[in-house]
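Colleague: My structure file final_10.txt, compact mmCIF, C-alpha atoms and all ligand atoms, is below:
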# COMPACT_ATOMS: atom_id res chain seq x y z
CA MET T 1328 0.00 0.00 0.00
CA SER T 1329 1.48 3.32 -0.94
CA GLU T 1330 1.46 6.25 1.45
CA ALA T 1331 -0.18 9.52 0.47
CA LEU T 1332 2.05 12.14 -1.11
CA ARG T 1333 3.27 14.97 1.11
CA CYS T 1334 4.15 18.32 -0.48
CA GLY T 1335 5.10 21.76 0.65
CA PHE T 1336 7.62 24.55 1.04
CA ALA T 1337 10.64 24.53 3.34
CA ALA T 1338 12.49 27.82 3.81
CA LEU T 1339 16.26 27.67 4.32
CA VAL T 1340 16.93 30.40 6.83
CA GLY T 1341 19.99 31.54 8.73
CA ARG T 1342 22.58 34.24 9.13
CA PRO T 1343 24.82 34.98 6.13
CA ASN T 1344 27.50 32.43 5.17
CA VAL T 1345 26.33 29.37 7.12
CA GLY T 1346 25.88 27.40 3.87
CA LYS T 1347 22.21 27.80 2.91
CA SER T 1348 22.90 27.97 -0.83
CA THR T 1349 25.37 25.08 -0.72
CA LEU T 1350 22.68 23.10 1.09
CA LEU T 1351 20.01 23.95 -1.50
CA ASN T 1352 22.31 22.70 -4.26
CA ALA T 1353 23.10 19.50 -2.31
CA LEU T 1354 19.41 18.84 -1.62
CA VAL T 1355 18.35 19.31 -5.21
CA GLY T 1356 21.48 17.73 -6.70
CA GLU T 1357 22.09 20.61 -9.08
CA LYS T 1358 23.77 23.98 -8.78
CA LEU T 1359 20.84 26.37 -8.64
CA SER T 1360 22.17 28.94 -6.20
CA ILE T 1361 25.58 30.58 -6.33
CA VAL T 1362 28.09 30.11 -3.52
CA THR T 1363 31.09 32.15 -2.47
CA PRO T 1364 33.10 32.47 0.76
CA ARG T 1365 31.59 35.95 1.20
CA PRO T 1366 28.51 36.74 3.26
CA GLN T 1367 25.46 38.16 1.47
CA THR T 1368 26.11 36.46 -1.83
CA THR T 1369 22.48 35.39 -2.29
CA ARG T 1370 20.25 38.34 -3.13
CA HIS T 1371 17.11 36.63 -4.43
CA ARG T 1372 14.68 34.02 -3.33
CA ILE T 1373 15.41 30.83 -5.26
CA ILE T 1374 13.23 27.73 -5.25
CA GLY T 1375 14.60 24.25 -5.89
CA VAL T 1376 12.33 21.23 -5.84
CA CYS T 1377 13.37 17.86 -4.52
CA PHE T 1378 11.33 14.81 -5.66
CA LEU T 1379 11.08 11.83 -3.31
CA PRO T 1380 8.95 8.71 -3.87
CA ASP T 1381 6.45 9.92 -1.26
CA ALA T 1382 7.07 13.67 -1.12
CA GLN T 1383 7.82 16.84 -3.04
CA ILE T 1384 9.80 19.42 -1.10
CA ALA T 1385 10.18 22.91 -2.53
CA PHE T 1386 13.24 24.40 -0.84
CA VAL T 1387 13.41 28.14 -0.71
CA ASP T 1388 16.92 29.59 -0.52
CA THR T 1389 16.92 33.06 0.93
CA PRO T 1390 19.36 35.88 1.45
CA GLY T 1391 20.70 35.61 5.01
CA LEU T 1392 18.71 37.52 7.60
CA HIS T 1393 21.11 40.18 8.75
CA ARG T 1394 21.19 43.38 10.68
CA GLY T 1395 22.65 46.71 9.58
CA GLU T 1396 19.91 47.52 7.12
CA LYS T 1397 21.28 50.75 5.75
CA ARG T 1398 21.28 50.30 2.01
CA ALA T 1399 18.10 49.77 0.06
CA LEU T 1400 19.63 46.54 -1.31
CA ASN T 1401 20.09 45.13 2.19
CA ARG T 1402 16.59 46.09 3.22
CA ALA T 1403 15.24 44.40 0.08
CA MET T 1404 17.27 41.25 0.88
CA ASN T 1405 15.86 41.12 4.40
CA ARG T 1406 12.33 41.60 3.09
CA THR T 1407 12.84 38.76 0.61
CA ALA T 1408 14.02 36.43 3.39
CA ALA T 1409 11.14 37.44 5.67
CA ALA T 1410 8.51 36.91 2.94
CA ALA T 1411 9.86 33.42 2.23
CA LEU T 1412 9.46 32.64 5.92
CA GLU T 1413 5.82 33.67 5.95
CA GLU T 1414 5.00 31.47 2.95
CA ALA T 1415 6.76 28.32 4.13
CA ASP T 1416 5.17 25.24 5.69
CA LEU T 1417 8.25 24.83 7.84
CA CYS T 1418 11.63 26.39 8.38
CA VAL T 1419 15.06 24.85 8.20
CA PHE T 1420 17.25 26.93 10.47
CA VAL T 1421 20.81 26.53 9.17
CA VAL T 1422 23.66 27.14 11.61
CA GLU T 1423 27.37 26.42 11.59
CA ALA T 1424 28.57 23.64 13.90
CA LEU T 1425 30.30 25.01 17.03
CA HIS T 1426 29.75 28.64 15.94
CA TRP T 1427 26.63 30.07 17.54
CA THR T 1428 26.56 33.89 17.38
CA ALA T 1429 24.32 36.77 18.39
CA GLU T 1430 23.10 36.82 14.78
CA ASP T 1431 21.84 33.25 15.21
CA ASP T 1432 19.87 34.40 18.27
CA HIS T 1433 18.40 37.19 16.15
CA VAL T 1434 17.31 34.72 13.43
CA LEU T 1435 15.87 32.30 15.99
CA LYS T 1436 13.71 35.07 17.44
CA ARG T 1437 12.32 35.73 13.97
CA LEU T 1438 11.60 32.03 13.52
CA GLU T 1439 9.81 31.78 16.87
CA ARG T 1440 7.45 34.54 15.77
CA THR T 1441 6.39 32.71 12.60
CA GLY T 1442 4.98 29.85 14.70
CA ARG T 1443 6.15 27.34 12.04
CA PRO T 1444 7.92 24.10 12.96
CA VAL T 1445 11.68 24.68 12.94
CA ILE T 1446 14.16 21.97 11.99
CA LEU T 1447 17.70 22.78 13.03
CA ALA T 1448 20.29 21.89 10.38
CA ILE T 1449 23.77 21.97 11.88
CA ASN T 1450 26.02 22.45 8.87
CA LYS T 1451 29.78 22.17 8.27
CA VAL T 1452 30.24 19.19 10.59
CA ASP T 1453 33.10 18.12 8.31
CA ARG T 1454 35.10 20.90 9.96
CA VAL T 1455 34.58 19.73 13.53
CA ARG T 1456 37.78 18.41 15.12
CA PRO T 1457 37.74 16.32 17.18
CA ARG T 1458 34.32 14.92 16.42
CA GLU T 1459 33.54 14.47 20.12
CA ARG T 1460 33.04 18.21 20.48
CA LEU T 1461 29.82 18.05 18.48
CA LEU T 1462 27.50 16.15 20.82
CA PRO T 1463 27.82 18.41 23.89
CA TRP T 1464 27.42 21.45 21.64
CA ILE T 1465 24.23 20.02 20.11
CA ALA T 1466 22.91 19.25 23.60
CA GLU T 1467 23.47 22.87 24.61
CA ILE T 1468 21.87 24.35 21.45
CA SER T 1469 18.87 22.03 21.67
CA ARG T 1470 17.87 23.75 24.92
CA ARG T 1471 17.38 27.10 23.18
CA PHE T 1472 14.19 26.15 21.38
CA ALA T 1473 11.77 23.27 20.93
CA PHE T 1474 13.18 22.27 17.54
CA ALA T 1475 11.00 19.80 15.62
CA ASP T 1476 14.19 17.92 14.74
CA ILE T 1477 17.94 18.39 14.73
CA VAL T 1478 20.07 17.17 11.82
CA PRO T 1479 23.86 17.52 11.77
CA LEU T 1480 25.16 17.49 8.20
CA SER T 1481 27.72 18.68 5.71
CA ALA T 1482 26.25 20.44 2.68
CA LEU T 1483 29.67 20.60 1.08
CA LYS T 1484 30.24 16.82 1.29
CA SER T 1485 26.53 15.96 0.86
CA ASP T 1486 26.72 14.12 4.19
CA ASN T 1487 23.40 13.34 5.88
CA VAL T 1488 21.32 15.59 3.60
CA GLU T 1489 18.98 12.63 3.01
CA ALA T 1490 18.17 12.60 6.73
CA LEU T 1491 17.16 16.25 6.47
CA LYS T 1492 14.85 15.45 3.54
CA ARG T 1493 13.16 12.70 5.54
CA ALA T 1494 12.77 14.91 8.61
CA ILE T 1495 11.08 17.55 6.44
CA ALA T 1496 8.93 15.22 4.33
CA GLN T 1497 7.21 13.62 7.31
CA ARG T 1498 6.12 17.05 8.56
CA LEU T 1499 4.59 18.32 5.33
CA PRO T 1500 0.85 18.18 4.75
CA GLU T 1501 -0.70 15.46 2.59
CA SER T 1502 -1.33 17.02 -0.78
CA PRO T 1503 -1.77 16.31 -4.46
CA ALA T 1504 1.45 16.81 -6.45
CA LEU T 1505 2.43 20.48 -6.65
CA PHE T 1506 5.23 20.11 -9.20
CA THR T 1507 6.09 18.04 -12.25
CA GLU T 1508 9.55 16.54 -12.78
CA GLY T 1509 10.40 19.22 -15.32
CA GLU T 1510 9.91 21.99 -12.76
CA ARG T 1511 13.02 21.89 -10.62
CA THR T 1512 13.35 25.61 -10.14
CA ASP T 1513 11.41 28.82 -10.57
CA ARG T 1514 14.42 30.52 -12.10
CA GLY T 1515 15.00 30.71 -15.83
CA LEU T 1516 17.99 30.78 -18.11
CA GLU T 1517 18.79 34.49 -17.92
CA PHE T 1518 18.75 34.50 -14.15
CA ARG T 1519 21.16 31.58 -13.98
CA ILE T 1520 23.50 33.20 -16.48
CA ALA T 1521 23.48 36.48 -14.53
CA GLU T 1522 24.05 34.70 -11.23
CA THR T 1523 26.89 32.57 -12.57
CA LEU T 1524 28.59 35.73 -13.79
CA ARG T 1525 28.06 37.40 -10.42
CA GLU T 1526 29.56 34.38 -8.65
CA LYS T 1527 32.71 34.45 -10.80
CA LEU T 1528 32.98 38.22 -10.33
CA THR T 1529 32.60 37.92 -6.58
CA LEU T 1530 35.29 35.24 -6.45
CA GLU T 1531 37.64 37.44 -8.54
CA LEU T 1532 36.95 40.59 -6.55
CA ASN T 1533 37.43 38.97 -3.19
CA GLN T 1534 39.22 41.87 -1.61
CA GLU T 1535 37.42 44.58 -3.51
CA VAL T 1536 33.99 45.67 -4.66
CA PRO T 1537 31.61 42.66 -4.90
CA TYR T 1538 28.78 44.31 -3.00
CA GLY T 1539 28.62 47.09 -5.56
CA VAL T 1540 28.26 44.72 -8.49
CA ALA T 1541 25.09 43.60 -10.27
CA VAL T 1542 24.68 41.69 -13.53
CA GLU T 1543 21.98 42.13 -16.11
CA VAL T 1544 21.59 39.79 -19.08
CA GLU T 1545 20.39 41.88 -21.98
CA ARG T 1546 20.17 39.12 -24.52
CA ALA T 1547 20.40 35.33 -24.62
CA ALA T 1548 19.48 33.90 -27.99
CA GLU T 1549 20.26 30.80 -30.02
CA GLU T 1550 22.44 31.68 -33.00
CA GLU T 1551 24.24 29.30 -35.34
CA GLY T 1552 24.08 26.41 -32.90
CA ARG T 1553 25.23 28.32 -29.86
CA LEU T 1554 23.82 30.59 -27.24
CA GLU T 1555 24.78 34.24 -27.81
CA ILE T 1556 24.75 36.10 -24.52
CA ALA T 1557 25.15 39.82 -23.97
CA ALA T 1558 25.44 40.96 -20.35
CA VAL T 1559 26.13 44.19 -18.52
CA ILE T 1560 28.02 44.33 -15.25
CA TRP T 1561 26.79 47.30 -13.27
CA VAL T 1562 29.14 48.96 -10.80
CA ASP T 1563 27.98 51.70 -8.47
CA ARG T 1564 30.97 54.04 -8.69
CA ALA T 1565 33.12 55.10 -11.65
CA GLY T 1566 36.28 54.11 -9.75
CA GLN T 1567 35.15 50.49 -9.68
CA LYS T 1568 35.05 50.07 -13.43
CA PRO T 1569 38.83 49.70 -13.97
CA ILE T 1570 38.98 47.31 -10.99
CA VAL T 1571 36.39 45.01 -12.55
CA ILE T 1572 38.06 45.15 -15.97
CA GLY T 1573 41.57 44.69 -14.59
CA PRO T 1574 44.89 45.51 -16.26
CA LYS T 1575 44.56 44.96 -20.03
CA GLY T 1576 41.09 43.55 -19.44
CA GLU T 1577 42.57 40.43 -17.90
CA ARG T 1578 40.23 40.20 -14.98
CA LEU T 1579 37.08 40.54 -17.04
CA LYS T 1580 38.43 37.90 -19.42
CA ARG T 1581 39.03 35.48 -16.55
CA VAL T 1582 35.50 36.09 -15.24
CA GLY T 1583 34.01 35.52 -18.68
CA ARG T 1584 36.01 32.34 -19.24
CA ALA T 1585 35.09 30.84 -15.84
CA ALA T 1586 31.41 31.68 -16.33
CA ARG T 1587 31.38 30.29 -19.85
CA LEU T 1588 32.94 26.98 -18.75
CA GLU T 1589 30.49 26.54 -15.91
CA LEU T 1590 27.44 27.50 -17.96
CA ASN T 1591 28.60 25.17 -20.68
CA ARG T 1592 28.56 22.29 -18.18
CA LEU T 1593 25.34 23.43 -16.50
CA LEU T 1594 23.32 23.96 -19.67
CA GLY T 1595 25.00 21.37 -21.85
CA ARG T 1596 25.33 23.75 -24.78
CA ARG T 1597 27.92 25.92 -26.45
CA LEU T 1598 27.76 29.60 -25.71
CA HIS T 1599 29.46 32.89 -26.40
CA LEU T 1600 29.56 35.74 -23.92
CA THR T 1601 29.91 39.45 -24.57
CA LEU T 1602 30.39 41.54 -21.43
CA TRP T 1603 30.26 45.25 -20.78
CA VAL T 1604 30.99 47.12 -17.58
CA LYS T 1605 28.84 50.18 -16.96
CA VAL T 1606 28.50 52.65 -14.13
CA ARG T 1607 25.16 53.27 -12.50
CA GLU T 1608 25.82 55.50 -9.51
CA ASN T 1609 24.52 54.10 -6.23
CA TRP T 1610 22.27 51.47 -7.79
CA ALA T 1611 22.19 49.60 -4.46
CA ASP T 1612 20.50 52.59 -2.81
CA ASN T 1613 18.03 53.27 -5.55
CA ALA T 1614 14.61 51.60 -5.43
CA ARG T 1615 14.04 51.98 -9.18
CA ASP T 1616 17.38 50.37 -10.05
CA LEU T 1617 16.68 47.52 -7.63
CA ARG T 1618 13.33 46.88 -9.27
CA HIS T 1619 14.94 46.95 -12.68
CA LEU T 1620 17.41 44.28 -11.53
CA GLY T 1621 14.64 42.12 -10.05
CA LEU T 1622 15.75 42.87 -6.49
CA GLU T 1623 12.60 43.89 -4.74
P1 LIG T 1701 25.02 31.15 2.54
O1 LIG T 1701 25.46 32.58 2.62
O2 LIG T 1701 24.39 30.70 3.83
O3 LIG T 1701 24.18 30.84 1.35
O4 LIG T 1701 26.37 30.27 2.42
P2 LIG T 1701 27.05 29.64 1.10
O5 LIG T 1701 26.31 28.43 0.67
O6 LIG T 1701 27.27 30.71 0.09
O7 LIG T 1701 28.44 29.13 1.72
C1 LIG T 1701 29.30 30.02 2.40
C2 LIG T 1701 30.68 29.35 2.50
O8 LIG T 1701 30.61 28.20 3.35
C3 LIG T 1701 31.21 28.86 1.17
O9 LIG T 1701 32.60 29.10 1.13
C4 LIG T 1701 30.92 27.37 1.19
O10 LIG T 1701 31.80 26.61 0.41
C5 LIG T 1701 31.11 27.05 2.68
N1 LIG T 1701 30.34 25.86 3.09
C6 LIG T 1701 29.02 25.63 2.90
N2 LIG T 1701 28.66 24.42 3.40
C7 LIG T 1701 29.78 23.87 3.92
C8 LIG T 1701 30.05 22.62 4.59
O11 LIG T 1701 29.21 21.74 4.80
N3 LIG T 1701 31.35 22.43 5.02
C9 LIG T 1701 32.33 23.36 4.81
N4 LIG T 1701 33.56 23.09 5.25
N5 LIG T 1701 32.10 24.53 4.16
C10 LIG T 1701 30.84 24.79 3.73
MG MG T 1702 23.39 32.04 -0.08
Would you write the structure of this file as structure tokens?
Modeller:
Amino acid sequence: MSEALRCGFAALVGRPNVGKSTLLNALVGEKLSIVTPRPQTTRHRIIGVCFLPDAQIAFVDTPGLHRGEKRALNRAMNRTAAAALEEADLCVFVVEALHWTAEDDHVLKRLERTGRPVILAINKVDRVRPRERLLPWIAEISRRFAFADIVPLSALKSDNVEALKRAIAQRLPESPALFTEGERTDRGLEFRIAETLREKLTLELNQEVPYGVAVEVERAAEEEGRLEIAAVIWVDRAGQKPIVIGPKGERLKRVGRAARLELNRLLGRRLHLTLWVKVRENWADNARDLRHLGLE
């Protein structure tokens, strides 16, 4: 006898840099969300659906909930994360093993207010040395809230992510199918191209201006058997343009090459990229520019 299908939305929530996007990709088995060592890499809400024999889980990756909401971009990112929380059937609170901070307390307070079940995902356990330190730490954290479940895992190594799926699936409502196998994500081609470019830029600009960078794909069209892509990299001050381009254009070339190789693998098709760098003063503070870039 087969069990009824369970379907619903699980929000991945946590402070910046705990590994929410890495976890989304591990859960879905495909790189949907970009990852860098820098906090605040994720700016949008991204849905990735995981299909199990008896459940469909739509994971919602969110920008990290953070404080210091000065720029319009940061306020928009917090709003995006908060809205995802309100819409979810349950929350997966992602934290970093052995590193509980005041920001985690702040996120937990937000989660308490939603009244949704909260599953604690303790990420980056691959880093814990010696392993014996983990259990007492988990015991201490478990006293902070009545978590529906606690799952230690490593998103990076895909360790124990199946246990998280099972913990979630059993708590979702019985429901007819919400998704078909073809619908793994709500994000289309242009978004994934723009995000891949922003990831490579952020990795290149690690000491410099990544927060001031946005990418807009102006065109992505099939031409002579390959995908022709034209994209603009927006910087928010004139002085950042030569930094992004690099001496003799070398940096921009490296970014383009890395993005092209990854997109080639991801999309399974040949592509050609044309990149421009343009200045749009203070786009991250300007509501109209944020809307234009899909960052509401
Ligand atoms: P987010 O800001 O919460 O979305 O975090 P990201 O997914 O962008 O990851 C932030 C950093 O943590 C990146 O450098 C990841 O490679 C790293 N990271 C994520 N998950 C793990 C993990 O399970 N183990 C280790 N060692 N690093 C991880
Ligand atoms: Mg992220």
Colleague: How many Å separate atom CA of T:Arg1333 from atom CA of T:Ser1469?
Modeller: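 Here the two named atoms are 26.8 Å from each other.
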Colleague: So, with only C-alpha atoms as the atoms that count, which of T:Val1604, T:Ile1373, T:Leu1594, T:Leu1412 lies closest to T:Arg1511?
Modeller: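 Answer, going by the shortest atom-to-atom distance: T:Ile1373.
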Colleague: Within 9 Å of T:Thr1368, counting only C-alpha atoms, which residues show up once you throw out same-chain ones fewer than 6 positions away? Write them as a compact mmCIF listing (two decimals) with C-alpha atoms, in the coordinates of the input, please.
Modeller:
# COMPACT_ATOMS: atom_id res chain seq x y z
CA PRO T 1343 24.82 34.98 6.13
CA ASN T 1344 27.50 32.43 5.17
CA ILE T 1361 25.58 30.58 -6.33
CA VAL T 1362 28.09 30.11 -3.52
CA PRO T 1390 19.36 35.88 1.45
CA GLY T 1391 20.70 35.61 5.01
CA ARG T 1525 28.06 37.40 -10.42
CA GLU T 1526 29.56 34.38 -8.65
CA THR T 1529 32.60 37.92 -6.58
CA PRO T 1537 31.61 42.66 -4.90
CA TYR T 1538 28.78 44.31 -3.00
Colleague: Which residues come within 8 Å of T:Lys1527, counting all atoms listed in the file, excluding same-chain residues fewer than 2 positions away, as a ChimeraX atom specification?
Modeller: /T:1523-1525,1529-1531,1582,1585-1586
Colleague: Kindly indicate which residue among T:Gly1442, T:Gly1539, T:Pro1380, T:Gly1346 lies nearest to ligand MG 1702 (chain T), using only C-alpha atoms and all ligand atoms for the distances.
Modeller: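 Nearest candidate to ligand MG 1702 (chain T) out of T:Gly1442, T:Gly1539, T:Pro1380, T:Gly1346: T:Gly1346.
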Colleague: I'd like a table as CSV: residues in chain T with an atom no more than 8 Å from ligand LIG 1701 (chain T), each row giving the shortest atom pair and its distance in Å to one decimal, all atoms listed in the file counted, sorted by chain and rising residue number.
Modeller:
residue,atom,partner,partner_atom,distance
T:Gly1341,CA,T:LIG1701,O2,6.6
T:Arg1342,CA,T:LIG1701,O2,6.6
T:Pro1343,CA,T:LIG1701,O1,4.3
T:Asn1344,CA,T:LIG1701,O1,3.3
T:Val1345,CA,T:LIG1701,O2,4.0
T:Gly1346,CA,T:LIG1701,O4,3.3
T:Lys1347,CA,T:LIG1701,O2,3.7
T:Ser1348,CA,T:LIG1701,O5,3.8
T:Thr1349,CA,T:LIG1701,O5,3.7
T:Leu1350,CA,T:LIG1701,O5,6.5
T:Ile1361,CA,T:LIG1701,O6,6.6
T:Val1362,CA,T:LIG1701,O6,3.8
T:Thr1363,CA,T:LIG1701,O6,4.8
T:Pro1364,CA,T:LIG1701,O9,3.4
T:Arg1365,CA,T:LIG1701,C1,6.5
T:Pro1366,CA,T:LIG1701,O1,5.2
T:Gln1367,CA,T:LIG1701,O1,5.7
T:Thr1368,CA,T:LIG1701,O1,5.9
T:Thr1369,CA,T:LIG1701,O3,6.1
T:Asp1388,CA,T:LIG1701,O3,7.6
T:Thr1389,CA,T:LIG1701,O3,7.6
T:Pro1390,CA,T:LIG1701,O3,7.0
T:Gly1391,CA,T:LIG1701,O1,6.1
T:Val1421,CA,T:LIG1701,O2,7.7
T:Asn1450,CA,T:LIG1701,O11,5.2
T:Lys1451,CA,T:LIG1701,O11,3.5
T:Val1452,CA,T:LIG1701,O11,6.4
T:Asp1453,CA,T:LIG1701,N3,5.7
T:Arg1454,CA,T:LIG1701,N4,5.4
T:Leu1480,CA,T:LIG1701,O11,6.8
T:Ser1481,CA,T:LIG1701,O11,3.5
T:Ala1482,CA,T:LIG1701,O11,3.9
T:Leu1483,CA,T:LIG1701,O11,3.9
T:Lys1484,CA,T:LIG1701,O11,6.1
T:Ser1485,CA,T:LIG1701,O11,7.5
Colleague: Would you mind exporting C-alpha atoms of the selected residues as a PDB file, keeping the file's coordinate frame?
Modeller:
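Listing of result-v4.pdb after writing:
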ATOM      1  CA  GLY T1341      19.990  31.540   8.730  1.00  0.00           C
ATOM      2  CA  ARG T1342      22.580  34.240   9.130  1.00  0.00           C
ATOM      3  CA  PRO T1343      24.820  34.980   6.130  1.00  0.00           C
ATOM      4  CA  ASN T1344      27.500  32.430   5.170  1.00  0.00           C
ATOM      5  CA  VAL T1345      26.330  29.370   7.120  1.00  0.00           C
ATOM      6  CA  GLY T1346      25.880  27.400   3.870  1.00  0.00           C
ATOM      7  CA  LYS T1347      22.210  27.800   2.910  1.00  0.00           C
ATOM      8  CA  SER T1348      22.900  27.970  -0.830  1.00  0.00           C
ATOM      9  CA  THR T1349      25.370  25.080  -0.720  1.00  0.00           C
ATOM     10  CA  LEU T1350      22.680  23.100   1.090  1.00  0.00           C
ATOM     11  CA  ILE T1361      25.580  30.580  -6.330  1.00  0.00           C
ATOM     12  CA  VAL T1362      28.090  30.110  -3.520  1.00  0.00           C
ATOM     13  CA  THR T1363      31.090  32.150  -2.470  1.00  0.00           C
ATOM     14  CA  PRO T1364      33.100  32.470   0.760  1.00  0.00           C
ATOM     15  CA  ARG T1365      31.590  35.950   1.200  1.00  0.00           C
ATOM     16  CA  PRO T1366      28.510  36.740   3.260  1.00  0.00           C
ATOM     17  CA  GLN T1367      25.460  38.160   1.470  1.00  0.00           C
ATOM     18  CA  THR T1368      26.110  36.460  -1.830  1.00  0.00           C
ATOM     19  CA  THR T1369      22.480  35.390  -2.290  1.00  0.00           C
ATOM     20  CA  ASP T1388      16.920  29.590  -0.520  1.00  0.00           C
ATOM     21  CA  THR T1389      16.920  33.060   0.930  1.00  0.00           C
ATOM     22  CA  PRO T1390      19.360  35.880   1.450  1.00  0.00           C
ATOM     23  CA  GLY T1391      20.700  35.610   5.010  1.00  0.00           C
ATOM     24  CA  VAL T1421      20.810  26.530   9.170  1.00  0.00           C
ATOM     25  CA  ASN T1450      26.020  22.450   8.870  1.00  0.00           C
ATOM     26  CA  LYS T1451      29.780  22.170   8.270  1.00  0.00           C
ATOM     27  CA  VAL T1452      30.240  19.190  10.590  1.00  0.00           C
ATOM     28  CA  ASP T1453      33.100  18.120   8.310  1.00  0.00           C
ATOM     29  CA  ARG T1454      35.100  20.900   9.960  1.00  0.00           C
ATOM     30  CA  LEU T1480      25.160  17.490   8.200  1.00  0.00           C
ATOM     31  CA  SER T1481      27.720  18.680   5.710  1.00  0.00           C
ATOM     32  CA  ALA T1482      26.250  20.440   2.680  1.00  0.00           C
ATOM     33  CA  LEU T1483      29.670  20.600   1.080  1.00  0.00           C
ATOM     34  CA  LYS T1484      30.240  16.820   1.290  1.00  0.00           C
ATOM     35  CA  SER T1485      26.530  15.960   0.860  1.00  0.00           C
TER      36      SER T1485
END
Colleague: Distance atom CA of T:Thr1512-atom CA of T:His1371, one decimal place?
Modeller: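 If I compute the distance from atom CA of T:Thr1512 to atom CA of T:His1371, I get 13.0 Å.
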Colleague: Could you work out how far atom CA of T:Ala1494 lies from atom CA of T:Glu1357, giving the answer in Å with one decimal?
Modeller: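 We find that atom CA of T:Glu1357 and atom CA of T:Ala1494 lie 20.8 Å from each other.
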Colleague: Here is a test: counting only C-alpha atoms, which residue of T:Asp1416, T:Thr1428, T:Pro1457, T:Arg1615 is nearest to T:Thr1441?
Modeller: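 Using only C-alpha atoms, the shortest distance to T:Thr1441 belongs to T:Asp1416.
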Colleague: Could you give me, as a PyMOL selection string, the residues within 7 Å of T:Ala1337, counting only C-alpha atoms and dropping anything in the same chain fewer than 3 positions from it?
Modeller: chain T and resi 1384-1387+1415-1419
Colleague: Using only C-alpha atoms and all ligand atoms, find the one residue out of T:Arg1519, T:Arg1402, T:Arg1370, T:Arg1553 that sits nearest to ligand MG 1702 (chain T).
Modeller: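 So, comparing all the options, the nearest one is T:Arg1370.
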Colleague: Determine the nearest neighbour of T:Ala1331 from the options T:Val1434, T:Ala1504, T:Leu1351, T:Cys1377, counting all atoms listed in the file.
Modeller: T:Ala1504
Colleague: So, counting all atoms listed in the file, which residue among T:Leu1425, T:Val1376, T:Leu1392, T:Leu1435 is closest to ligand MG 1702 (chain T)?
Modeller: T:Leu1392
Colleague: Taking (10.2, 15.3, -12.2) as a centre in this file's frame and 10 Å as the limit, can you find every polymer residue with an atom that close, using all atoms listed in the file, and give them as an mmCIF file with C-alpha atoms, in the frame of the given file?
Modeller:
data_model
loop_
_atom_site.group_PDB
_atom_site.id
_atom_site.type_symbol
_atom_site.label_atom_id
_atom_site.label_comp_id
_atom_site.auth_asym_id
_atom_site.auth_seq_id
_atom_site.Cartn_x
_atom_site.Cartn_y
_atom_site.Cartn_z
ATOM 1 C CA VAL T 1376 12.330 21.230 -5.840
ATOM 2 C CA CYS T 1377 13.370 17.860 -4.520
ATOM 3 C CA PHE T 1378 11.330 14.810 -5.660
ATOM 4 C CA LEU T 1379 11.080 11.830 -3.310
ATOM 5 C CA GLN T 1383 7.820 16.840 -3.040
ATOM 6 C CA PHE T 1506 5.230 20.110 -9.200
ATOM 7 C CA THR T 1507 6.090 18.040 -12.250
ATOM 8 C CA GLU T 1508 9.550 16.540 -12.780
ATOM 9 C CA GLY T 1509 10.400 19.220 -15.320
ATOM 10 C CA GLU T 1510 9.910 21.990 -12.760
ATOM 11 C CA ARG T 1511 13.020 21.890 -10.620
#
Colleague: Please, which residues are within 12 Å of (31.7, 41.1, -22.7) by the file's coordinates, counting only C-alpha atoms, and could they come as a PyMOL selection string?
Modeller: chain T and resi 1524+1542-1546+1555-1560+1571-1572+1576-1584+1586-1587+1599-1605
Colleague: I'd like the neighbourhood of T:Trp1610 as a list in words, where a residue qualifies if any of its atoms comes within 12 Å (using only C-alpha atoms), though same-chain residues fewer than 2 positions away should be ignored.
Modeller: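 The contact residues come out as Arg1398, Ala1399, Leu1400, Tyr1538, Gly1539, Val1540, Ala1541, Val1542, Ile1560, Trp1561, Val1562, Asp1563, Arg1564, Lys1605, Val1606, Arg1607, Glu1608, Asp1612, Asn1613, Ala1614, Arg1615, Asp1616, Leu1617, Arg1618, His1619, Leu1620 and Leu1622 of chain T.
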Colleague: Would you save stretch 1517-1530 of chain T to a file, keeping C-alpha atoms, as a PDB file, in the first residue's frame?
Modeller:
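Here's the written file selection04.pdb:
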ATOM      1  CA  GLU T1517      18.788  34.492 -17.925  1.00  0.00           C
ATOM      2  CA  PHE T1518      18.751  34.501 -14.149  1.00  0.00           C
ATOM      3  CA  ARG T1519      21.155  31.576 -13.979  1.00  0.00           C
ATOM      4  CA  ILE T1520      23.501  33.199 -16.478  1.00  0.00           C
ATOM      5  CA  ALA T1521      23.479  36.475 -14.531  1.00  0.00           C
ATOM      6  CA  GLU T1522      24.046  34.705 -11.227  1.00  0.00           C
ATOM      7  CA  THR T1523      26.886  32.567 -12.567  1.00  0.00           C
ATOM      8  CA  LEU T1524      28.590  35.728 -13.790  1.00  0.00           C
ATOM      9  CA  ARG T1525      28.062  37.398 -10.419  1.00  0.00           C
ATOM     10  CA  GLU T1526      29.556  34.377  -8.654  1.00  0.00           C
ATOM     11  CA  LYS T1527      32.705  34.448 -10.798  1.00  0.00           C
ATOM     12  CA  LEU T1528      32.980  38.222 -10.329  1.00  0.00           C
ATOM     13  CA  THR T1529      32.604  37.924  -6.578  1.00  0.00           C
ATOM     14  CA  LEU T1530      35.290  35.237  -6.452  1.00  0.00           C
TER      15      LEU T1530
END
